[in-house]
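Peer 1: Handing you this structure, nothing more for now.
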Amino acid sequence: MDYTLSLFEDNISPGHDVSYGKTNRVVFVASGSARVIFGDKSNQLSENEAVHSAMPVSITTGQAGATIWRWELNEAVSAPARSEEAGTKMVATIQLETEGEYLMRCDRVDFPLGGVAYTHTHQGPGIRCLYTGEFEVTTEGINSHIEPGEAWFEAGPDPVYAEASATDLTAFIRVMILPRRLLGQSSIRYVRAEDAEKPKTQRYTMFVDAPIDIGYTCLLYTSDAADE
């Protein structure tokens, strides 16, 4: 069945809030600070922190406001015009089994100067967004130069090779939809056996590794004062 994995950016003024309806969602604070409330939980997030919720959420910023990166998973039929929504960075259509067991993972990947991600695949699709530095990503012979704030999609089975900037420390944030059996485990597979044996210089920080019910769909979007 077709689903959409979407990434949005919300630039929220100090002291204002936004609310979003029920769906599987990761909220990442790219800058500033925010309180993310869902159900009976209130999560105070600082810059470079994230949380997952499948419930409706309310996000209130701190005194400096906040830039929020928001990944959402929906049935494709429930979001026919997501690419036109304000703040949209990327929308990708992915195929998931309705009765399948999945998890939603959000992590940060940091590279040293000139670091390399050897040719590899992943066991599920995901949207990445560059946080710092610069990145050169090659997929099926097509090279893309990525700069901070830019997003890109990796389907999972397509081999990817990437190189980080030689002058600026590079990091990206990603959200992937993976088989639930990978809970707490790496999803990467190296294409060449010799690459699997090479030392890896990238570092991983896990924010979210949450089993999900993919039956959730987006029902409501409201906002009282989000910046353009």
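Residue numbering restarts at 1 for every chain of the structure tokens, chains are lettered A, B, ... in their displayed order, and ligands are numbered from 1 as they appear.
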Hey, what's within 6 Å of segment 85-90 of chain A if we count only C-alpha atoms and toss same-chain stuff fewer than 3 positions away? As a VMD selection string, please?
Peer 2: chain A and resid 6 to 9 82
Peer 1: Write out as number ranges by chain which residues come within 7 Å of segment 118-129 of chain A when counting only C-alpha atoms, dropping same-chain ones fewer than 5 positions away.
Peer 2: A: 149-162, 172-178, 187-191, 195
Peer 1: Rank A:Trp69, A:Tyr3, A:Tyr131, A:Phe28 by their smallest atom-to-atom distance to His52 of chain A, using only C-alpha atoms, and report the top residue only.
Peer 2: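 Among the listed residues, A:Phe28 lies closest to His52 of chain A.
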Peer 1: Within 12 Å of segment 18-27 of chain A, which residues of segment 50-135 of chain A come that close, and what is the closest atom pair and distance in Å for each? Count only C-alpha atoms and give it as a tab-separated table.
Peer 2:
```
residue	atom	partner	partner_atom	distance
A:Ala50	CA	A:Val27	CA	5.4
A:Val51	CA	A:Val27	CA	5.5
A:His52	CA	A:Val26	CA	4.4
A:Ser53	CA	A:Arg25	CA	5.5
A:Ala54	CA	A:Asn24	CA	4.2
A:Met55	CA	A:Lys22	CA	4.6
A:Pro56	CA	A:Gly21	CA	4.3
A:Val57	CA	A:Tyr20	CA	5.4
A:Ser58	CA	A:Ser19	CA	4.3
A:Ile59	CA	A:Val18	CA	5.3
A:Thr60	CA	A:Val18	CA	6.8
A:Thr61	CA	A:Val18	CA	9.1
A:Gly65	CA	A:Val18	CA	11.9
A:Ala66	CA	A:Val18	CA	11.4
A:Thr67	CA	A:Val27	CA	10.4
A:Ile68	CA	A:Val27	CA	6.7
A:Trp69	CA	A:Val27	CA	6.1
A:Arg70	CA	A:Val27	CA	4.8
A:Trp71	CA	A:Val26	CA	5.2
A:Glu72	CA	A:Arg25	CA	4.5
A:Leu73	CA	A:Asn24	CA	5.5
A:Asn74	CA	A:Thr23	CA	6.7
A:Glu75	CA	A:Thr23	CA	9.6
A:Ser78	CA	A:Thr23	CA	10.7
A:Ala79	CA	A:Thr23	CA	11.4
A:Tyr102	CA	A:Asn24	CA	11.4
A:Leu103	CA	A:Asn24	CA	10.1
A:Met104	CA	A:Asn24	CA	8.1
A:Arg105	CA	A:Val26	CA	8.6
A:Cys106	CA	A:Val26	CA	7.4
A:Asp107	CA	A:Val26	CA	10.6
A:Ile127	CA	A:Val26	CA	11.8
```
Peer 1: So that I can check the surroundings of Ser46 of chain A, please list as a PyMOL selection string every protein, DNA and RNA residue that reaches within 10 Å of it, counting only C-alpha atoms and ignoring chain neighbours fewer than 5 positions away.
Peer 2: chain A and resi 28-35+62+66
Peer 1: Next, write the just-selected residues to a file, as a PDB file, in the first residue's frame, keeping N, CA and C atoms as the atom set.
Peer 2:
```
ATOM      1  N   PHE A  28      11.796  17.176  15.643  1.00  0.00           N
ATOM      2  CA  PHE A  28      13.212  17.438  15.934  1.00  0.00           C
ATOM      3  C   PHE A  28      13.410  18.940  16.044  1.00  0.00           C
ATOM      4  N   VAL A  29      14.082  19.385  17.101  1.00  0.00           N
ATOM      5  CA  VAL A  29      14.361  20.806  17.275  1.00  0.00           C
ATOM      6  C   VAL A  29      15.703  21.123  16.617  1.00  0.00           C
ATOM      7  N   ALA A  30      15.640  21.787  15.468  1.00  0.00           N
ATOM      8  CA  ALA A  30      16.860  22.144  14.740  1.00  0.00           C
ATOM      9  C   ALA A  30      17.562  23.337  15.362  1.00  0.00           C
ATOM     10  N   SER A  31      16.791  24.265  15.964  1.00  0.00           N
ATOM     11  CA  SER A  31      17.373  25.389  16.694  1.00  0.00           C
ATOM     12  C   SER A  31      16.340  25.900  17.690  1.00  0.00           C
ATOM     13  N   GLY A  32      16.810  26.548  18.747  1.00  0.00           N
ATOM     14  CA  GLY A  32      15.914  27.056  19.773  1.00  0.00           C
ATOM     15  C   GLY A  32      15.512  25.963  20.747  1.00  0.00           C
ATOM     16  N   SER A  33      14.323  26.104  21.307  1.00  0.00           N
ATOM     17  CA  SER A  33      13.801  25.105  22.238  1.00  0.00           C
ATOM     18  C   SER A  33      12.290  25.073  22.118  1.00  0.00           C
ATOM     19  N   ALA A  34      11.695  23.953  22.526  1.00  0.00           N
ATOM     20  CA  ALA A  34      10.246  23.806  22.394  1.00  0.00           C
ATOM     21  C   ALA A  34       9.731  22.777  23.384  1.00  0.00           C
ATOM     22  N   ARG A  35       8.486  22.956  23.794  1.00  0.00           N
ATOM     23  CA  ARG A  35       7.792  21.960  24.602  1.00  0.00           C
ATOM     24  C   ARG A  35       6.811  21.225  23.692  1.00  0.00           C
ATOM     25  N   GLY A  62      10.181  28.270  23.176  1.00  0.00           N
ATOM     26  CA  GLY A  62      10.773  29.034  24.259  1.00  0.00           C
ATOM     27  C   GLY A  62      10.939  30.490  23.880  1.00  0.00           C
ATOM     28  N   ALA A  66      11.776  28.755  17.774  1.00  0.00           N
ATOM     29  CA  ALA A  66      12.361  27.462  17.410  1.00  0.00           C
ATOM     30  C   ALA A  66      12.179  27.194  15.927  1.00  0.00           C
TER      31      ALA A  66
END
```
Peer 1: Could you find all residues in segment 56-204 of chain A that DSSP calls strand (DSSP E or B) from the backbone, and write them as a PyMOL selection string?
Peer 2: chain A and resi 57-75+88-95+102-111+116-122+126-132+135-139+142-146+151-154+160-164+170-179+188-190+203-204
Peer 1: One decimal, in Å: what's the spacing between atom CA of Glu136 of chain A and atom CA of Glu163 of chain A?
Peer 2: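 Interatomic distance, atom CA of Glu136 of chain A to atom CA of Glu163 of chain A: 5.2 Å.
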Peer 1: Counting only C-alpha atoms, figure out which residue out of A:Phe38, A:Glu140, A:Ala76, A:Leu183 gets nearest to Gln95 of chain A.
Peer 2: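 Closest to Gln95 of chain A of all the choices is A:Ala76.
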Peer 1: Can you pull out every residue within 12 Å of Pro112 of chain A, counting only C-alpha atoms, but drop anything in the same chain fewer than 3 positions away, and send it as a VMD selection string?
Peer 2: chain A and resid 109 115 to 117 132 to 135 163 to 171 200 to 203
Peer 1: Would you save the residues of that selection, restricted to all heavy atoms, as a short mmCIF file (atom, residue, chain, number, x, y, z; two decimals), in the first residue's frame?
Peer 2:
```
data_model
loop_
_atom_site.label_atom_id
_atom_site.label_comp_id
_atom_site.auth_asym_id
_atom_site.auth_seq_id
_atom_site.Cartn_x
_atom_site.Cartn_y
_atom_site.Cartn_z
N VAL A 109 23.75 11.43 12.15
CA VAL A 109 24.99 10.82 11.68
C VAL A 109 26.02 11.93 11.50
O VAL A 109 25.79 12.88 10.75
CB VAL A 109 24.78 10.07 10.35
CG1 VAL A 109 26.05 9.35 9.94
CG2 VAL A 109 23.62 9.08 10.46
N GLY A 115 35.06 12.57 5.68
CA GLY A 115 34.58 11.22 5.96
C GLY A 115 33.78 10.63 4.80
O GLY A 115 33.18 11.36 4.00
N VAL A 116 33.79 9.32 4.72
CA VAL A 116 33.16 8.61 3.60
C VAL A 116 32.16 7.59 4.13
O VAL A 116 32.43 6.88 5.10
CB VAL A 116 34.22 7.89 2.75
CG1 VAL A 116 33.57 6.97 1.73
CG2 VAL A 116 35.13 8.89 2.06
N ALA A 117 31.00 7.53 3.46
CA ALA A 117 30.05 6.43 3.67
C ALA A 117 30.20 5.51 2.47
O ALA A 117 29.78 5.84 1.36
CB ALA A 117 28.62 6.96 3.78
N THR A 132 24.67 20.17 9.30
CA THR A 132 25.87 21.00 9.20
C THR A 132 26.75 20.47 8.08
O THR A 132 26.66 19.31 7.68
CB THR A 132 26.69 20.98 10.51
OG1 THR A 132 27.12 19.63 10.78
CG2 THR A 132 25.86 21.48 11.69
N GLY A 133 27.66 21.33 7.60
CA GLY A 133 28.65 20.91 6.61
C GLY A 133 28.09 20.81 5.20
O GLY A 133 27.10 21.46 4.85
N GLU A 134 28.71 19.99 4.39
CA GLU A 134 28.28 19.73 3.02
C GLU A 134 28.44 18.24 2.74
O GLU A 134 29.28 17.58 3.35
CB GLU A 134 29.10 20.55 2.01
CG GLU A 134 28.91 22.05 2.14
CD GLU A 134 29.67 22.83 1.08
OE1 GLU A 134 30.30 22.19 0.21
OE2 GLU A 134 29.63 24.07 1.11
N PHE A 135 27.65 17.73 1.78
CA PHE A 135 27.63 16.30 1.53
C PHE A 135 27.50 16.06 0.04
O PHE A 135 26.73 16.74 -0.65
CB PHE A 135 26.43 15.69 2.26
CG PHE A 135 26.66 14.33 2.85
CD1 PHE A 135 27.87 13.97 3.43
CD2 PHE A 135 25.64 13.38 2.85
CE1 PHE A 135 28.07 12.72 3.99
CE2 PHE A 135 25.82 12.13 3.41
CZ PHE A 135 27.04 11.80 3.98
N GLU A 163 30.29 11.37 0.44
CA GLU A 163 31.51 11.96 0.99
C GLU A 163 31.15 13.25 1.70
O GLU A 163 30.40 14.08 1.18
CB GLU A 163 32.52 12.24 -0.12
CG GLU A 163 33.06 10.99 -0.81
CD GLU A 163 34.10 11.31 -1.86
OE1 GLU A 163 34.39 12.51 -2.05
OE2 GLU A 163 34.63 10.37 -2.48
N ALA A 164 31.72 13.43 2.88
CA ALA A 164 31.50 14.65 3.67
C ALA A 164 32.50 15.72 3.30
O ALA A 164 33.56 15.45 2.70
CB ALA A 164 31.60 14.33 5.15
N SER A 165 32.19 16.96 3.66
CA SER A 165 33.07 18.09 3.40
C SER A 165 34.45 17.87 4.01
O SER A 165 34.58 17.31 5.10
CB SER A 165 32.44 19.36 3.98
OG SER A 165 33.36 20.43 3.97
N ALA A 166 35.47 18.35 3.30
CA ALA A 166 36.84 18.27 3.80
C ALA A 166 37.19 19.46 4.67
O ALA A 166 38.25 19.48 5.31
CB ALA A 166 37.82 18.18 2.63
N THR A 167 36.30 20.47 4.73
CA THR A 167 36.61 21.70 5.46
C THR A 167 35.63 22.00 6.59
O THR A 167 35.95 22.78 7.49
CB THR A 167 36.62 22.89 4.50
OG1 THR A 167 35.36 22.99 3.84
CG2 THR A 167 37.73 22.75 3.47
N ASP A 168 34.44 21.41 6.57
CA ASP A 168 33.43 21.67 7.61
C ASP A 168 32.90 20.34 8.14
O ASP A 168 32.61 19.43 7.36
CB ASP A 168 32.26 22.48 7.04
CG ASP A 168 32.69 23.84 6.54
OD1 ASP A 168 33.15 24.65 7.38
OD2 ASP A 168 32.56 24.10 5.34
N LEU A 169 32.77 20.26 9.45
CA LEU A 169 32.21 19.05 10.04
C LEU A 169 30.77 18.86 9.54
O LEU A 169 29.98 19.80 9.51
CB LEU A 169 32.23 19.13 11.56
CG LEU A 169 33.63 19.07 12.19
CD1 LEU A 169 33.54 19.29 13.69
CD2 LEU A 169 34.31 17.74 11.88
N THR A 170 30.46 17.64 9.16
CA THR A 170 29.19 17.36 8.49
C THR A 170 28.34 16.43 9.35
O THR A 170 28.84 15.45 9.91
CB THR A 170 29.45 16.71 7.12
OG1 THR A 170 30.13 17.66 6.28
CG2 THR A 170 28.15 16.30 6.44
N ALA A 171 27.03 16.77 9.42
CA ALA A 171 26.09 15.91 10.15
C ALA A 171 24.73 16.02 9.48
O ALA A 171 24.36 17.08 8.98
CB ALA A 171 26.00 16.32 11.61
N LYS A 200 35.06 2.44 10.10
CA LYS A 200 34.00 3.42 9.82
C LYS A 200 34.22 4.63 10.73
O LYS A 200 34.40 4.49 11.95
CB LYS A 200 32.62 2.82 10.05
CG LYS A 200 32.40 1.47 9.34
CD LYS A 200 32.62 1.57 7.83
CE LYS A 200 32.27 0.29 7.10
NZ LYS A 200 33.11 -0.86 7.51
N THR A 201 34.20 5.82 10.13
CA THR A 201 34.49 7.03 10.90
C THR A 201 33.24 7.79 11.32
O THR A 201 33.31 8.68 12.16
CB THR A 201 35.39 7.96 10.08
OG1 THR A 201 34.74 8.29 8.84
CG2 THR A 201 36.73 7.32 9.78
N GLN A 202 32.09 7.48 10.74
CA GLN A 202 30.88 8.19 11.12
C GLN A 202 30.40 7.75 12.51
O GLN A 202 30.62 6.62 12.93
CB GLN A 202 29.77 8.02 10.08
CG GLN A 202 29.33 6.59 9.81
CD GLN A 202 30.02 5.99 8.62
OE1 GLN A 202 31.25 6.07 8.52
NE2 GLN A 202 29.25 5.39 7.72
N ARG A 203 29.76 8.69 13.22
CA ARG A 203 29.22 8.43 14.55
C ARG A 203 27.70 8.59 14.51
O ARG A 203 27.18 9.46 13.83
CB ARG A 203 29.81 9.38 15.58
CG ARG A 203 31.30 9.19 15.82
CD ARG A 203 31.81 10.14 16.89
NE ARG A 203 31.71 11.55 16.48
CZ ARG A 203 30.83 12.40 16.95
NH1 ARG A 203 29.93 12.01 17.83
NH2 ARG A 203 30.83 13.65 16.54
#
```
Peer 1: Could you state the separation of atom CA of Asp2 of chain A and atom CA of Val208 of chain A in Å, given to one decimal place?
Peer 2: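 Those two atoms sit 23.4 Å apart.
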Peer 1: Counting only C-alpha atoms, which of A:Ile214, A:Met206, A:Ala193, A:Leu130 gets nearest to His145 of chain A?
Peer 2: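 The answer is A:Leu130, which sits nearest to His145 of chain A.
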